[in-house]
Structure formats: C-alpha cells, structure tokens
file coords16.pdb (PDB, C-alpha atoms)
ATOM      1  CA  MET A   1      -4.186 -16.264  -3.654
ATOM      2  CA  SER A   2      -1.364 -18.028  -1.908
ATOM      3  CA  PHE A   3       1.228 -17.821   0.842
ATOM      4  CA  TYR A   4       4.964 -17.540   0.144
ATOM      5  CA  GLN A   5       7.533 -18.651   2.732
ATOM      6  CA  PHE A   6      11.020 -17.150   2.318
ATOM      7  CA  GLN A   7      13.203 -19.947   3.681
ATOM      8  CA  ARG A   8      16.912 -19.279   3.227
ATOM      9  CA  PRO A   9      18.681 -15.980   2.672
ATOM     10  CA  ASP A  10      21.023 -15.883  -0.319
ATOM     11  CA  PRO A  11      24.414 -14.771   1.027
ATOM     12  CA  ALA A  12      25.203 -13.190  -2.360
ATOM     13  CA  GLU A  13      22.232 -10.788  -2.092
ATOM     14  CA  PRO A  14      21.536  -8.106   0.511
ATOM     15  CA  TYR A  15      18.867  -9.458   2.840
ATOM     16  CA  ALA A  16      16.896  -6.210   2.786
ATOM     17  CA  ASP A  17      16.640  -6.393  -1.018
ATOM     18  CA  SER A  18      15.385  -9.976  -0.955
ATOM     19  CA  VAL A  19      12.781  -9.337   1.725
ATOM     20  CA  GLY A  20      11.793  -6.020   0.164
ATOM     21  CA  ALA A  21      11.036  -7.724  -3.144
ATOM     22  CA  ILE A  22       8.967 -10.381  -1.385
ATOM     23  CA  CYS A  23       7.087  -7.729   0.581
ATOM     24  CA  ASP A  24       5.990  -6.117  -2.687
ATOM     25  CA  LEU A  25       4.278  -9.282  -3.947
ATOM     26  CA  PRO A  26       1.131  -9.114  -1.754
ATOM     27  CA  ALA A  27       0.556  -5.489  -2.757
ATOM     28  CA  GLY A  28       0.805  -6.527  -6.402
ATOM     29  CA  GLY A  29      -1.873  -9.192  -5.930
ATOM     30  CA  VAL A  30       0.550 -12.067  -6.568
ATOM     31  CA  MET A  31      -0.030 -13.655  -3.160
ATOM     32  CA  PHE A  32      -1.997 -13.157   0.026
ATOM     33  CA  MET A  33       0.773 -13.356   2.645
ATOM     34  CA  ALA A  34       4.542 -13.642   2.894
ATOM     35  CA  GLY A  35       6.434 -15.335   5.704
ATOM     36  CA  ASN A  36      10.049 -15.545   6.748
ATOM     37  CA  SER A  37      12.134 -18.225   8.425
ATOM     38  CA  ASP A  38      15.805 -19.012   9.001
ATOM     39  CA  ALA A  39      16.587 -15.372   9.737
ATOM     40  CA  ASP A  40      18.772 -14.273  12.601
ATOM     41  CA  VAL A  41      18.379 -11.051  14.608
ATOM     42  CA  ALA A  42      20.720  -9.130  12.292
ATOM     43  CA  HIS A  43      18.627 -10.149   9.266
ATOM     44  CA  ILE A  44      15.399  -9.080  10.945
ATOM     45  CA  ASP A  45      16.900  -5.732  11.924
ATOM     46  CA  GLU A  46      18.037  -5.202   8.326
ATOM     47  CA  ALA A  47      14.737  -6.173   6.708
ATOM     48  CA  PRO A  48      12.250  -3.487   5.745
ATOM     49  CA  SER A  49       9.175  -3.318   7.942
ATOM     50  CA  ARG A  50       5.967  -3.308   5.913
ATOM     51  CA  GLN A  51       2.364  -4.174   6.634
ATOM     52  CA  TYR A  52      -0.532  -4.568   4.243
ATOM     53  CA  PRO A  53      -4.228  -4.482   5.007
TER
END
call {"tool": "encode", "arguments": {"input": "coords16.pdb", "output": "structure tokens"}}
result
Amino acid sequence: MSFYQFQRPDPAEPYADSVGAICDLPAGGVMFMAGNSDADVAHIDEAPSRQYP
C-alpha cells in the first residue's frame, strides 16, 4: 500500500472531479491514503468530503 499526494490542480479539469477520483483510490485498494496540497480555500470548499476507515 502507498500514499498519493495530489500536488497541483489541473486548471482544465474541475477540482471536485480530480479530488473525487483520487478519493476513490483508497477504497479500491490501490493506495492506503491520499493527501492534498497547493489548494486554496475555494478548492477545498469545492472538493468532496470523504473518509475511509
């Protein structure tokens, strides 16, 4: 298992779609944790809120 760090948002893609896809990876067993950096308040407000056990 591994950790994935989402570094830079792609301005051509909706932020919520990018983060949503990353949030699905731990549930699929692809990685253990996902992190996020270089996001401003608007990005964080737009991102889906998900937690996994």
call {"tool": "resolve_selection", "arguments": {"input": "coords16.pdb", "expression": "the PyMOL selection byres ((chain A and resi 28-37) around 8)", "output": "PyMOL selection string"}}
result
chain A and resi 1-8+22-27+38-39
call {"tool": "resolve_selection", "arguments": {"input": "coords16.pdb", "expression": "the PyMOL selection byres ((chain A and resi 46) around 12)", "output": "list in words"}}
result
Pro14, Tyr15, Ala16, Asp17, Ser18, Val19, Gly20, Ala39, Asp40, Val41, Ala42, His43, Ile44, Asp45, Ala47, Pro48 and Ser49 of chain A
call {"tool": "axis_aligned_box", "arguments": {"input": "coords16.pdb", "around": "stretch 15-30 of chain A", "padding_each_side": "3 Å", "output": "AutoDock Vina command-line options"}}
result
--center_x 8.5 --center_y -8.8 --center_z -1.9 --size_x 26.7 --size_y 12.6 --size_z 15.4
